[in-house]
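Source file protein.cif; content: mmCIF, C-alpha atoms and all ligand atoms.
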```cif
data_structure
loop_
_atom_site.label_atom_id
_atom_site.label_comp_id
_atom_site.auth_asym_id
_atom_site.auth_seq_id
_atom_site.Cartn_x
_atom_site.Cartn_y
_atom_site.Cartn_z
CA MET J 1 -11.65 -13.96 -34.42
CA ALA J 2 -9.06 -14.22 -31.67
CA ASP J 3 -9.37 -17.22 -29.34
CA TYR J 4 -10.13 -15.29 -26.17
CA PRO J 5 -10.00 -16.80 -22.69
CA ASP J 6 -13.10 -16.86 -20.44
CA LEU J 7 -11.81 -13.98 -18.35
CA VAL J 8 -9.19 -11.26 -18.84
CA VAL J 9 -7.73 -9.71 -15.69
CA VAL J 10 -6.07 -6.33 -16.17
CA GLY J 11 -3.41 -5.97 -13.48
CA ALA J 12 -1.29 -8.67 -11.81
CA GLY J 13 -1.49 -7.07 -8.36
CA LEU J 14 -3.00 -8.86 -5.37
CA PHE J 15 -6.55 -8.08 -6.47
CA GLY J 16 -5.98 -9.48 -9.97
CA LEU J 17 -4.04 -12.54 -8.77
CA THR J 18 -6.71 -13.40 -6.19
CA VAL J 19 -9.64 -13.19 -8.61
CA ALA J 20 -7.72 -15.16 -11.27
CA GLN J 21 -6.93 -17.89 -8.72
CA GLN J 22 -10.56 -17.99 -7.57
CA ALA J 23 -11.96 -18.08 -11.11
CA VAL J 24 -9.83 -21.11 -12.00
CA GLU J 25 -10.43 -22.91 -8.74
CA LYS J 26 -14.16 -22.27 -8.47
CA ALA J 27 -15.37 -21.98 -12.06
CA GLY J 28 -12.63 -23.92 -13.87
CA VAL J 29 -12.31 -21.19 -16.49
CA ARG J 30 -9.31 -20.08 -18.57
CA VAL J 31 -7.85 -16.74 -17.48
CA ARG J 32 -5.41 -14.33 -19.12
CA ILE J 33 -3.76 -11.80 -16.80
CA ILE J 34 -2.12 -8.80 -18.42
CA ASP J 35 0.06 -6.16 -16.79
CA VAL J 36 1.78 -3.14 -18.24
CA ARG J 37 4.75 -3.77 -15.94
CA ASP J 38 7.38 -6.44 -16.56
CA HIS J 39 6.55 -8.39 -13.38
CA ILE J 40 3.61 -9.76 -11.42
CA GLY J 41 2.68 -8.66 -7.89
CA GLY J 42 1.70 -5.05 -8.55
CA ASN J 43 2.93 -2.70 -5.87
CA ALA J 44 3.78 -5.54 -3.52
CA TYR J 45 6.46 -6.87 -5.90
CA SER J 46 10.00 -7.39 -4.58
CA TYR J 47 13.33 -8.58 -5.99
CA MET J 48 16.60 -9.84 -4.58
CA ASP J 49 19.53 -7.44 -4.56
CA GLU J 50 22.52 -9.53 -5.52
CA GLU J 51 25.17 -7.29 -3.96
CA THR J 52 23.72 -7.22 -0.46
CA GLY J 53 21.32 -10.17 -0.30
CA ALA J 54 18.47 -7.79 0.60
CA GLU J 55 14.94 -8.37 -0.69
CA ILE J 56 14.01 -4.95 -2.06
CA HIS J 57 10.32 -3.98 -2.08
CA LYS J 58 10.35 -2.02 -5.32
CA TYR J 59 7.31 0.17 -4.58
CA GLY J 60 7.97 0.83 -0.89
CA ALA J 61 8.11 -1.30 2.25
CA HIS J 62 5.41 -4.00 2.40
CA LEU J 63 4.61 -5.71 5.70
CA PHE J 64 1.85 -8.26 5.82
CA HIS J 65 -0.55 -8.07 8.79
CA THR J 66 -4.17 -9.05 9.34
CA SER J 67 -6.77 -10.02 11.91
CA ASN J 68 -9.01 -11.49 9.21
CA ARG J 69 -9.05 -15.28 9.58
CA ARG J 70 -10.40 -15.91 6.07
CA VAL J 71 -7.54 -13.88 4.55
CA TRP J 72 -4.90 -15.41 6.82
CA GLU J 73 -5.98 -18.95 5.90
CA TYR J 74 -6.14 -18.01 2.22
CA VAL J 75 -2.62 -16.53 2.03
CA ASN J 76 -1.16 -19.44 3.99
CA ARG J 77 -2.16 -21.74 1.15
CA PHE J 78 0.57 -20.10 -0.94
CA THR J 79 3.26 -19.04 1.51
CA SER J 80 4.38 -19.35 5.09
CA PHE J 81 5.41 -16.23 6.99
CA THR J 82 8.47 -15.32 9.05
CA ASN J 83 8.01 -14.19 12.63
CA TYR J 84 8.98 -10.60 11.76
CA VAL J 85 7.28 -8.04 14.01
CA HIS J 86 7.19 -4.50 12.66
CA ARG J 87 8.71 -1.74 14.77
CA VAL J 88 9.51 1.81 13.67
CA HIS J 89 11.85 4.44 15.07
CA ALA J 90 12.00 8.18 14.54
CA THR J 91 14.91 10.60 14.60
CA HIS J 92 14.09 14.02 16.07
CA ASP J 93 16.60 16.70 17.00
CA GLY J 94 19.48 14.24 16.96
CA VAL J 95 17.78 11.67 19.19
CA VAL J 96 16.14 8.35 18.21
CA TYR J 97 12.70 7.56 19.68
CA PRO J 98 10.34 4.58 19.42
CA LEU J 99 7.07 4.95 17.46
CA PRO J 100 4.09 4.96 17.52
CA ILE J 101 4.21 7.54 20.33
CA ASN J 102 4.13 5.47 23.52
CA LEU J 103 5.17 5.81 27.13
CA GLY J 104 8.78 5.16 26.12
CA THR J 105 8.65 8.03 23.60
CA ILE J 106 6.97 10.36 26.11
CA ASN J 107 9.37 9.65 28.96
CA GLN J 108 12.42 9.93 26.70
CA PHE J 109 11.11 13.18 25.20
CA PHE J 110 10.29 14.84 28.53
CA HIS J 111 13.26 13.22 30.37
CA ALA J 112 10.78 11.78 32.82
CA ALA J 113 9.65 8.55 34.46
CA LEU J 114 5.90 9.15 34.25
CA THR J 115 3.42 6.41 35.01
CA PRO J 116 0.67 5.76 32.44
CA ALA J 117 -1.81 7.90 34.41
CA GLU J 118 0.67 10.75 34.84
CA ALA J 119 1.56 10.71 31.14
CA LYS J 120 -2.12 10.76 30.21
CA ALA J 121 -2.76 13.72 32.47
CA LEU J 122 0.21 15.59 30.98
CA ILE J 123 -0.93 15.03 27.37
CA GLU J 124 -4.49 16.05 28.24
CA GLN J 125 -3.21 19.21 29.84
CA GLN J 126 -1.05 20.04 26.79
CA ALA J 127 -3.87 19.20 24.36
CA GLY J 128 -6.09 21.54 26.41
CA GLU J 129 -4.46 24.50 24.66
CA LEU J 130 -7.09 24.22 21.92
CA ALA J 131 -9.80 22.32 23.82
CA GLY J 132 -13.35 23.16 22.81
CA THR J 133 -12.30 24.73 19.48
CA ASP J 134 -13.17 23.36 16.06
CA PRO J 135 -9.79 23.20 14.29
CA GLU J 136 -9.84 24.29 10.67
CA ASN J 137 -6.38 23.06 9.74
CA LEU J 138 -4.24 20.01 10.42
CA ASN J 139 -1.82 21.95 12.60
CA ASP J 140 -4.51 22.96 15.11
CA LYS J 141 -6.09 19.51 14.97
CA GLY J 142 -2.74 17.89 15.79
CA ILE J 143 -2.22 20.20 18.77
CA GLN J 144 -5.76 19.51 19.96
CA LEU J 145 -5.20 15.74 19.75
CA ILE J 146 -1.81 15.31 21.46
CA GLY J 147 -0.63 18.73 22.60
CA ARG J 148 1.89 21.06 20.97
CA PRO J 149 5.25 19.54 22.15
CA LEU J 150 4.69 16.00 20.84
CA TYR J 151 2.80 17.20 17.76
CA GLU J 152 5.58 19.59 16.76
CA ALA J 153 8.33 17.02 17.42
CA PHE J 154 6.87 13.96 15.68
CA ILE J 155 3.95 14.90 13.44
CA LYS J 156 4.18 18.45 12.12
CA ASN J 157 7.23 18.34 9.88
CA TYR J 158 6.79 14.69 8.90
CA THR J 159 3.25 15.43 7.68
CA GLY J 160 4.47 18.62 6.00
CA LYS J 161 7.05 16.55 4.06
CA GLN J 162 4.44 13.89 3.17
CA TRP J 163 2.14 16.50 1.67
CA GLN J 164 4.81 19.04 0.64
CA THR J 165 2.51 21.55 2.30
CA ASP J 166 2.63 23.43 5.61
CA PRO J 167 0.15 21.58 7.92
CA ALA J 168 -1.40 24.99 8.72
CA GLU J 169 -2.53 24.98 5.06
CA LEU J 170 -3.84 21.39 5.12
CA PRO J 171 -7.46 20.52 5.98
CA ALA J 172 -8.03 19.24 9.53
CA ASP J 173 -9.85 16.11 8.36
CA ILE J 174 -6.67 14.49 6.97
CA ILE J 175 -6.15 13.17 10.51
CA LYS J 176 -8.98 11.73 12.56
CA ARG J 177 -6.83 10.65 15.49
CA LEU J 178 -3.18 10.37 16.47
CA PRO J 179 -2.56 7.18 18.40
CA VAL J 180 -0.71 7.57 21.71
CA ARG J 181 -0.07 4.49 23.83
CA PHE J 182 0.23 4.88 27.57
CA ASN J 183 2.39 1.80 27.95
CA TYR J 184 5.71 0.65 26.47
CA ASP J 185 4.17 -1.38 23.62
CA ASN J 186 5.95 -0.26 20.45
CA ARG J 187 4.68 -3.04 18.21
CA TYR J 188 3.51 -1.12 15.13
CA PHE J 189 0.54 -3.26 14.08
CA LYS J 190 -2.08 -4.52 16.48
CA ASP J 191 -3.24 -7.36 14.25
CA THR J 192 -3.49 -11.02 15.26
CA TRP J 193 -1.06 -12.15 12.54
CA GLU J 194 1.92 -10.49 10.89
CA GLY J 195 5.09 -11.47 9.11
CA LEU J 196 6.89 -11.50 5.78
CA PRO J 197 6.57 -14.25 3.17
CA THR J 198 9.31 -16.76 3.98
CA ASP J 199 10.55 -17.17 0.39
CA GLY J 200 9.78 -13.59 -0.62
CA TYR J 201 6.79 -11.89 -2.20
CA THR J 202 7.41 -13.11 -5.75
CA ALA J 203 7.47 -16.82 -4.78
CA TRP J 204 4.13 -16.27 -2.98
CA PHE J 205 2.54 -14.62 -6.01
CA GLU J 206 3.87 -17.20 -8.47
CA ARG J 207 2.28 -19.99 -6.43
CA MET J 208 -1.10 -18.24 -6.53
CA ILE J 209 -1.27 -18.55 -10.30
CA ASP J 210 0.62 -21.80 -10.79
CA ASP J 211 -2.06 -23.43 -12.97
CA PRO J 212 -1.97 -24.15 -16.72
CA ARG J 213 -5.35 -22.45 -17.11
CA ILE J 214 -3.83 -19.11 -16.09
CA GLU J 215 -1.64 -17.34 -18.63
CA VAL J 216 0.19 -14.08 -18.05
CA SER J 217 1.23 -11.40 -20.53
CA LEU J 218 3.65 -8.82 -19.13
CA GLY J 219 4.57 -5.45 -20.62
CA VAL J 220 1.07 -5.22 -22.08
CA ASP J 221 -1.09 -2.07 -21.75
CA PHE J 222 -4.86 -2.62 -21.81
CA PHE J 223 -5.26 0.58 -23.85
CA ASP J 224 -2.72 -0.40 -26.52
CA GLU J 225 -4.85 -1.50 -29.45
CA SER J 226 -1.93 -3.21 -31.15
CA GLN J 227 -2.05 -6.06 -28.61
CA PRO J 228 -4.91 -8.61 -28.55
CA TYR J 229 -6.20 -8.06 -24.98
CA ASN J 230 -7.10 -4.39 -25.38
CA LYS J 231 -10.18 -2.57 -24.15
CA LYS J 232 -11.72 -1.99 -27.58
CA ALA J 233 -11.28 -5.55 -28.85
CA LEU J 234 -12.47 -7.19 -25.63
CA THR J 235 -15.51 -4.90 -25.37
CA GLU J 236 -16.50 -5.70 -28.96
CA ALA J 237 -16.05 -9.44 -28.39
CA GLY J 238 -17.97 -9.29 -25.07
CA VAL J 239 -15.15 -10.94 -23.10
CA PRO J 240 -15.54 -10.61 -19.29
CA VAL J 241 -12.88 -8.32 -17.83
CA VAL J 242 -11.68 -7.53 -14.33
CA TYR J 243 -10.03 -4.12 -14.47
CA THR J 244 -7.67 -3.05 -11.65
CA GLY J 245 -6.26 0.08 -13.31
CA ALA J 246 -7.35 3.67 -12.71
CA PRO J 247 -10.98 4.58 -13.58
CA ASP J 248 -10.11 8.03 -14.97
CA ARG J 249 -7.70 6.37 -17.42
CA TYR J 250 -10.36 3.80 -18.38
CA PHE J 251 -12.72 6.60 -19.40
CA ASP J 252 -9.94 8.58 -21.09
CA TYR J 253 -10.05 11.23 -18.32
CA ALA J 254 -13.45 12.37 -19.66
CA LEU J 255 -14.51 13.83 -16.30
CA GLY J 256 -11.03 15.00 -15.18
CA ASP J 257 -8.05 13.51 -13.31
CA LEU J 258 -8.24 11.86 -9.90
CA GLN J 259 -5.44 13.14 -7.65
CA TRP J 260 -2.77 10.89 -6.13
CA ARG J 261 0.39 11.28 -4.09
CA THR J 262 3.49 9.40 -5.17
CA VAL J 263 6.83 8.54 -3.58
CA ASP J 264 10.30 8.87 -5.16
CA PHE J 265 12.95 6.50 -3.84
CA LYS J 266 16.64 7.39 -3.61
CA GLU J 267 18.91 4.39 -3.22
CA VAL J 268 22.05 4.77 -1.09
CA ARG J 269 24.61 1.97 -0.65
CA TYR J 270 26.93 1.72 2.34
CA ALA J 271 30.06 -0.38 2.85
CA GLU J 272 28.68 -1.48 6.22
CA ASP J 273 26.84 -4.50 7.53
CA ASP J 274 24.02 -2.50 9.10
CA HIS J 275 23.47 1.23 8.61
CA LEU J 276 20.27 2.06 10.52
CA GLY J 277 20.18 -0.77 13.05
CA CYS J 278 16.48 -1.25 12.23
CA PRO J 279 14.34 -1.67 9.09
CA VAL J 280 12.51 1.69 9.15
CA MET J 281 13.68 5.07 10.44
CA ASN J 282 11.35 8.07 10.21
CA TYR J 283 12.88 11.55 10.09
CA SER J 284 10.57 13.92 11.94
CA ASP J 285 12.43 17.19 11.27
CA ALA J 286 12.32 19.56 8.31
CA ASP J 287 16.10 19.63 7.81
CA VAL J 288 16.10 16.03 6.47
CA PRO J 289 14.29 16.30 3.11
CA TYR J 290 13.02 12.70 3.01
CA THR J 291 10.31 11.26 5.23
CA ARG J 292 11.82 7.90 6.09
CA ALA J 293 14.57 5.44 5.20
CA ILE J 294 14.21 1.69 4.70
CA GLU J 295 17.05 -0.81 5.18
CA PHE J 296 15.68 -3.92 3.49
CA LYS J 297 18.22 -6.40 4.90
CA ASN J 298 16.75 -5.77 8.33
CA PHE J 299 13.32 -7.06 7.34
CA ASN J 300 14.81 -10.55 7.06
CA PRO J 301 17.17 -11.22 9.99
CA GLU J 302 16.47 -14.95 9.50
CA ARG J 303 18.45 -14.69 6.21
CA ARG J 304 21.55 -13.24 7.87
CA GLU J 305 23.69 -16.22 6.86
CA SER J 306 23.13 -15.55 3.18
CA GLN J 307 23.38 -11.75 3.35
CA ASN J 308 26.54 -9.74 2.61
CA HIS J 309 28.00 -8.39 5.88
CA GLU J 310 30.19 -5.83 4.11
CA LYS J 311 27.45 -4.01 2.21
CA THR J 312 23.94 -2.72 2.77
CA VAL J 313 21.35 -0.77 0.81
CA VAL J 314 18.98 1.92 2.10
CA TRP J 315 16.10 3.62 0.27
CA GLN J 316 15.14 7.17 1.22
CA GLU J 317 11.52 8.14 0.52
CA TYR J 318 10.50 11.52 -0.88
CA SER J 319 6.77 12.15 -1.05
CA ARG J 320 5.02 14.47 -3.55
CA PHE J 321 1.87 15.00 -5.59
CA ALA J 322 1.69 12.71 -8.62
CA ARG J 323 1.39 13.94 -12.17
CA ARG J 324 0.00 11.85 -15.02
CA GLY J 325 2.59 9.17 -15.79
CA ASP J 326 3.90 8.98 -12.19
CA GLU J 327 3.17 5.92 -10.05
CA PRO J 328 -0.11 6.70 -8.22
CA TYR J 329 0.35 5.59 -4.58
CA TYR J 330 -2.00 7.27 -2.12
CA PRO J 331 -5.37 8.76 -3.13
CA VAL J 332 -5.46 12.45 -2.16
CA ASN J 333 -9.17 12.05 -1.42
CA THR J 334 -10.34 15.65 -1.09
CA PRO J 335 -14.16 16.06 -1.14
CA ALA J 336 -13.79 17.05 -4.84
CA ASP J 337 -11.82 13.83 -5.56
CA LYS J 338 -14.43 11.72 -3.79
CA GLU J 339 -17.19 13.34 -5.81
CA LEU J 340 -15.24 12.85 -9.06
CA TYR J 341 -14.55 9.22 -8.20
CA GLN J 342 -18.26 8.64 -7.54
CA ARG J 343 -19.08 9.97 -11.02
CA TYR J 344 -16.51 7.57 -12.54
CA ALA J 345 -17.91 4.73 -10.40
CA ASP J 346 -21.39 5.47 -11.79
CA LEU J 347 -19.98 5.16 -15.32
CA ALA J 348 -18.12 1.97 -14.37
CA ALA J 349 -21.36 0.40 -13.13
CA LEU J 350 -22.79 0.78 -16.63
CA GLU J 351 -19.93 -1.14 -18.28
CA LYS J 352 -21.31 -4.51 -19.24
CA ASN J 353 -18.91 -7.42 -18.61
CA VAL J 354 -16.39 -5.32 -16.67
CA VAL J 355 -15.76 -5.45 -12.92
CA PHE J 356 -13.60 -2.66 -11.47
CA GLY J 357 -11.56 -3.53 -8.37
CA GLY J 358 -8.39 -3.02 -6.36
CA ARG J 359 -6.82 0.13 -5.03
CA LEU J 360 -6.60 1.95 -8.36
CA GLY J 361 -9.93 0.67 -9.70
CA THR J 362 -11.83 1.88 -6.62
CA TYR J 363 -9.62 4.91 -5.77
CA ARG J 364 -9.00 3.65 -2.21
CA TYR J 365 -6.00 2.97 -0.05
CA TYR J 366 -6.10 -0.74 0.80
CA ASP J 367 -3.59 -2.75 2.78
CA MET J 368 -2.75 -6.12 1.23
CA HIS J 369 -5.06 -8.08 3.50
CA GLN J 370 -7.90 -5.68 2.72
CA VAL J 371 -7.42 -5.93 -1.02
CA ILE J 372 -7.39 -9.75 -0.84
CA ASP J 373 -10.57 -9.67 1.25
CA SER J 374 -12.25 -7.34 -1.24
CA ALA J 375 -11.13 -9.58 -4.14
CA LEU J 376 -12.60 -12.69 -2.47
CA ASP J 377 -15.88 -10.80 -2.00
CA ALA J 378 -15.80 -9.39 -5.55
CA TYR J 379 -15.31 -12.87 -6.97
CA GLU J 380 -18.36 -14.25 -5.16
CA GLN J 381 -20.63 -11.27 -5.61
CA ARG J 382 -19.78 -9.89 -9.05
CA ILE J 383 -17.28 -11.98 -11.02
CA ALA J 384 -18.81 -15.46 -10.59
CA PRO J 385 -22.25 -14.16 -11.71
CA MET J 386 -20.63 -12.39 -14.69
CA LEU J 387 -18.85 -15.62 -15.73
CA ALA J 388 -22.03 -17.65 -15.28
CA ALA J 389 -24.07 -15.19 -17.39
CA ASN J 390 -21.44 -15.31 -20.13
CA ALA J 391 -21.30 -19.08 -20.13
CA ARG J 392 -25.10 -19.09 -20.80
CA ASP J 393 -24.91 -16.54 -23.68
P1 LIG H 401 -1.66 -2.91 -7.53
O1 LIG H 401 -1.34 -1.48 -7.79
O2 LIG H 401 -0.71 -3.69 -6.70
O3 LIG H 401 -1.85 -3.66 -8.93
C1 LIG H 401 -2.48 -3.05 -10.03
C2 LIG H 401 -1.76 -3.50 -11.26
O4 LIG H 401 -2.49 -3.06 -12.42
C3 LIG H 401 -0.36 -2.91 -11.39
O5 LIG H 401 0.61 -3.94 -11.47
C4 LIG H 401 -0.42 -2.07 -12.66
O6 LIG H 401 0.77 -2.11 -13.42
C5 LIG H 401 -1.57 -2.76 -13.43
N1 LIG H 401 -2.18 -1.87 -14.40
C6 LIG H 401 -2.71 -0.64 -14.18
N2 LIG H 401 -3.15 -0.10 -15.35
C7 LIG H 401 -2.91 -1.03 -16.32
C8 LIG H 401 -3.12 -1.05 -17.73
N3 LIG H 401 -3.66 0.00 -18.38
N4 LIG H 401 -2.76 -2.14 -18.42
C9 LIG H 401 -2.19 -3.22 -17.79
N5 LIG H 401 -1.94 -3.23 -16.45
C10 LIG H 401 -2.30 -2.15 -15.73
N6 LIG H 401 -0.04 -2.91 2.26
C11 LIG H 401 0.21 -3.67 3.37
O7 LIG H 401 -0.60 -4.55 3.71
N7 LIG H 401 1.35 -3.48 4.08
C12 LIG H 401 2.28 -2.54 3.76
O8 LIG H 401 3.30 -2.40 4.44
C13 LIG H 401 2.02 -1.73 2.60
N8 LIG H 401 2.92 -0.79 2.21
C14 LIG H 401 2.64 0.04 1.16
C15 LIG H 401 3.55 1.03 0.81
C16 LIG H 401 3.27 1.88 -0.25
C17 LIG H 401 4.26 2.98 -0.62
C18 LIG H 401 2.06 1.74 -0.96
C19 LIG H 401 1.71 2.69 -2.09
C20 LIG H 401 1.18 0.72 -0.66
C21 LIG H 401 1.45 -0.14 0.42
N9 LIG H 401 0.59 -1.18 0.75
C22 LIG H 401 0.85 -1.94 1.87
C23 LIG H 401 -0.65 -1.42 -0.02
C24 LIG H 401 -0.48 -2.49 -1.13
O9 LIG H 401 0.50 -2.05 -2.04
C25 LIG H 401 -1.84 -2.68 -1.82
O10 LIG H 401 -2.78 -3.19 -0.90
C26 LIG H 401 -1.82 -3.62 -3.03
O11 LIG H 401 -0.74 -3.37 -3.86
C27 LIG H 401 -3.09 -3.45 -3.82
O12 LIG H 401 -3.16 -4.41 -4.86
P2 LIG H 401 -3.96 -4.07 -6.18
O13 LIG H 401 -3.99 -5.31 -6.99
O14 LIG H 401 -5.24 -3.41 -5.85
O15 LIG H 401 -3.12 -2.92 -6.91
#
```
Conversion result in structure tokens:
Amino acid sequence: MADYPDLVVVGAGLFGLTVAQQAVEKAGVRVRIIDVRDHIGGNAYSYMDEETGAEIHKYGAHLFHTSNRRVWEYVNRFTSFTNYVHRVHATHDGVVYPLPINLGTINQFFHAALTPAEAKALIEQQAGELAGTDPENLNDKGIQLIGRPLYEAFIKNYTGKQWQTDPAELPADIIKRLPVRFNYDNRYFKDTWEGLPTDGYTAWFERMIDDPRIEVSLGVDFFDESQPYNKKALTEAGVPVVYTGAPDRYFDYALGDLQWRTVDFKEVRYAEDDHLGCPVMNYSDADVPYTRAIEFKNFNPERRESQNHEKTVVWQEYSRFARRGDEPYYPVNTPADKELYQRYADLAALEKNVVFGGRLGTYRYYDMHQVIDSALDAYEQRIAPMLAANARD
């Protein structure tokens, strides 16, 4: 029989890395992490672009932010953070505006010098167009929340591109609220702490699992029965597993497919030092086919000395519904999806010796700090008891 470790973690994303680190530190067990990809870090993985000196976030821009002290103290054990503060701009009708919509955006848009109270009164008056109605689609909901002019300029076409669907055809409950700030604060996140890992994401993740009791196998699919750490073999041997892949895949799509949206990235290189003048530019109009563009060099101004000043790289993001085999990014989360997920979760609860977790495993959008928090909880509440029960068997 194969010499199995005490715990196999499927997925080297932040959920898997956190539970592996906790299992070694708290229970002193031997852990094997497997990932079908050729790198650790899951969707938060990044790599250095040699030509430009930019740190490219391979699966889309990742900014760390949290107000959770436990998570902040935990991540600071493995990395320090730069003092990067996230700010986003939007291009509409040939003009660049600050986001999220704030007093600066409003005054620039209406060519005005409104005070906070005046701006509030104006937006309320414009939103009054559909006051008292119960919007059935996203378009009407958007107008009801912030009024037609701002909705049509900044939300309508951007959302239409994100969903590849006319907002008039989208359900109203996709948006609960649209934040509008009646001051000039254009800091994107409101969390207590934010920044980017000083030495990059990969150095952070490597430090989390820098222990001889943790071994990593990359390019290994849990469902490939030709490799030793596969679902069938581990189930038969009763080895404890933490599974951070998709639940529909785990059950061979027996109840149907969960729906996801994905993003395609188009890389464009410029013989310029700085193309956008900022890290993230949203494109609010329908005539630009992508939703936003990311210029990675601008996430790390503190590395300017080591960056190439003649070249830069920008990634344009195109959003669409995922098919099987695409990277699943954002859960679509219709009522039917939620019901289907619940049925898979009921099956998952019956799997002895397997804990499902992470964004894929629980069909939820999590930010990094949220997934770390949920992994710390999952270790205490479900994984430690599973390891203890197995040690007794
Ligand atoms: P993650 O997806 O990272 O890891 C799961 C791993 O399991 C993957 O590496 C996968 O290959 C592996 N796996 C799956 N099936 C397998 C199988 N059968 N066999 C072996 N391995 C398998 N958060 C934030 O805080 N700030 C931000 O700015 C952003 N930005 C952002 C942009 C985009 C486009 C997305 C989609 C997401 C973000 N996030 C974010 C969220 C962030 O990416 C997320 O919180 C973490 O990646 C979640 O970590 P997990 O470990 O749950 O999943």
Next item on the list: Write out as an MDAnalysis selection string each polymer residue (protein, DNA or RNA) that has an atom no more than 6 Å from ligand LIG 401 (chain H), with only C-alpha atoms and all ligand atoms counted.
Entry: chainID J and resid 10:16 34:37 42:44 59:64 220:223 244:245 329:330 358:359 366:369 371
Pull C-alpha atoms from the residues just selected and write them as an mmCIF file, keeping the file's coordinate frame.
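Contents of the output file part_38.cif:
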```cif
data_model
loop_
_atom_site.group_PDB
_atom_site.id
_atom_site.type_symbol
_atom_site.label_atom_id
_atom_site.label_comp_id
_atom_site.auth_asym_id
_atom_site.auth_seq_id
_atom_site.Cartn_x
_atom_site.Cartn_y
_atom_site.Cartn_z
ATOM 1 C CA VAL J 10 -6.070 -6.330 -16.170
ATOM 2 C CA GLY J 11 -3.410 -5.970 -13.480
ATOM 3 C CA ALA J 12 -1.290 -8.670 -11.810
ATOM 4 C CA GLY J 13 -1.490 -7.070 -8.360
ATOM 5 C CA LEU J 14 -3.000 -8.860 -5.370
ATOM 6 C CA PHE J 15 -6.550 -8.080 -6.470
ATOM 7 C CA GLY J 16 -5.980 -9.480 -9.970
ATOM 8 C CA ILE J 34 -2.120 -8.800 -18.420
ATOM 9 C CA ASP J 35 0.060 -6.160 -16.790
ATOM 10 C CA VAL J 36 1.780 -3.140 -18.240
ATOM 11 C CA ARG J 37 4.750 -3.770 -15.940
ATOM 12 C CA GLY J 42 1.700 -5.050 -8.550
ATOM 13 C CA ASN J 43 2.930 -2.700 -5.870
ATOM 14 C CA ALA J 44 3.780 -5.540 -3.520
ATOM 15 C CA TYR J 59 7.310 0.170 -4.580
ATOM 16 C CA GLY J 60 7.970 0.830 -0.890
ATOM 17 C CA ALA J 61 8.110 -1.300 2.250
ATOM 18 C CA HIS J 62 5.410 -4.000 2.400
ATOM 19 C CA LEU J 63 4.610 -5.710 5.700
ATOM 20 C CA PHE J 64 1.850 -8.260 5.820
ATOM 21 C CA VAL J 220 1.070 -5.220 -22.080
ATOM 22 C CA ASP J 221 -1.090 -2.070 -21.750
ATOM 23 C CA PHE J 222 -4.860 -2.620 -21.810
ATOM 24 C CA PHE J 223 -5.260 0.580 -23.850
ATOM 25 C CA THR J 244 -7.670 -3.050 -11.650
ATOM 26 C CA GLY J 245 -6.260 0.080 -13.310
ATOM 27 C CA TYR J 329 0.350 5.590 -4.580
ATOM 28 C CA TYR J 330 -2.000 7.270 -2.120
ATOM 29 C CA GLY J 358 -8.390 -3.020 -6.360
ATOM 30 C CA ARG J 359 -6.820 0.130 -5.030
ATOM 31 C CA TYR J 366 -6.100 -0.740 0.800
ATOM 32 C CA ASP J 367 -3.590 -2.750 2.780
ATOM 33 C CA MET J 368 -2.750 -6.120 1.230
ATOM 34 C CA HIS J 369 -5.060 -8.080 3.500
ATOM 35 C CA VAL J 371 -7.420 -5.930 -1.020
#
```
Margin query: Need to verify the contact set: region 333-345 of chain J, 8 Å, only C-alpha atoms, exclusion of same-chain residues closer than 5 positions in sequence. Can you return it as a list in words?
Written below: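 Result of the neighbour search: Pro247, Asp248, Phe251, Leu255, Gly256, Leu258, Gln259, Thr362 and Tyr363 of chain J.
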Item checked: Residue among J:Gln227, J:Thr312, J:Thr91, J:Ser80 lying closest to Ala153 (chain J), counting only C-alpha atoms ->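 Closest to Ala153 (chain J), using only C-alpha atoms: J:Thr91.
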Notebook entry, point to check: Which value, in Å to one decimal, gives the distance between CA of Ile209 (chain J) and CA of Tyr74 (chain J)?
Noted result: 13.4 Å
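With distances taken over all atoms listed in the file, J:Val75 is the one residue among J:Ile175, J:Leu138, J:Val263, J:Val75 lying closest to Trp193 (chain J).
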Item checked: Residues within 10 Å of Glu272 (chain J), only C-alpha atoms, excluding chain neighbours under 6 positions, as an MDAnalysis selection string -> chainID J and resid 308:313
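You will find CA of Thr66 (chain J) at 5.3 Å from CA of Asp191 (chain J).
Across the structure, CA of Leu99 (chain J) and CA of Gly53 (chain J) are spaced 27.3 Å apart.
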Notebook entry, point to check: Of the candidates J:Met208, J:Ala246, J:Val85, J:Ala286, which shows the shortest atom-to-atom distance to Glu152 (chain J), using only C-alpha atoms?
Noted result: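 Result for the nearest residue to Glu152 (chain J): J:Ala286.
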Next item on the list: Can you work out which one of J:Thr198, J:Arg30, J:Trp163, J:Arg382 has the shortest atom-to-atom distance to Ala322 (chain J), counting only C-alpha atoms?
Entry: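 Checking each candidate against Ala322 (chain J), we get J:Trp163 as the closest.
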Next item on the list: Might you pull out every residue within 8 Å of Tyr318 (chain J), with all atoms listed in the file counted and same-chain residues fewer than 4 positions away left off, and present them as a ChimeraX atom specification?
Entry: /J:161-162,263-266,289-292
Item checked: Counting all atoms listed in the file, the residue of J:Thr202, J:Asn230, J:Ser374, J:Asn282 that sits nearest Ser46 (chain J) -> J:Thr202
Margin query: Need to verify the contact set: Arg32 (chain J), 8 Å, all atoms listed in the file, exclusion of same-chain residues closer than 3 positions in sequence. Can you return it as a ChimeraX atom specification?
Written below: /J:5,7-9,214-217
Next item on the list: Point out the residue among J:Thr115, J:Val29, J:Leu347, J:Ala375 with the least atom-to-atom distance to Ala254 (chain J), counting all atoms listed in the file.
Entry: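 Closest to Ala254 (chain J) of all the choices is J:Leu347.
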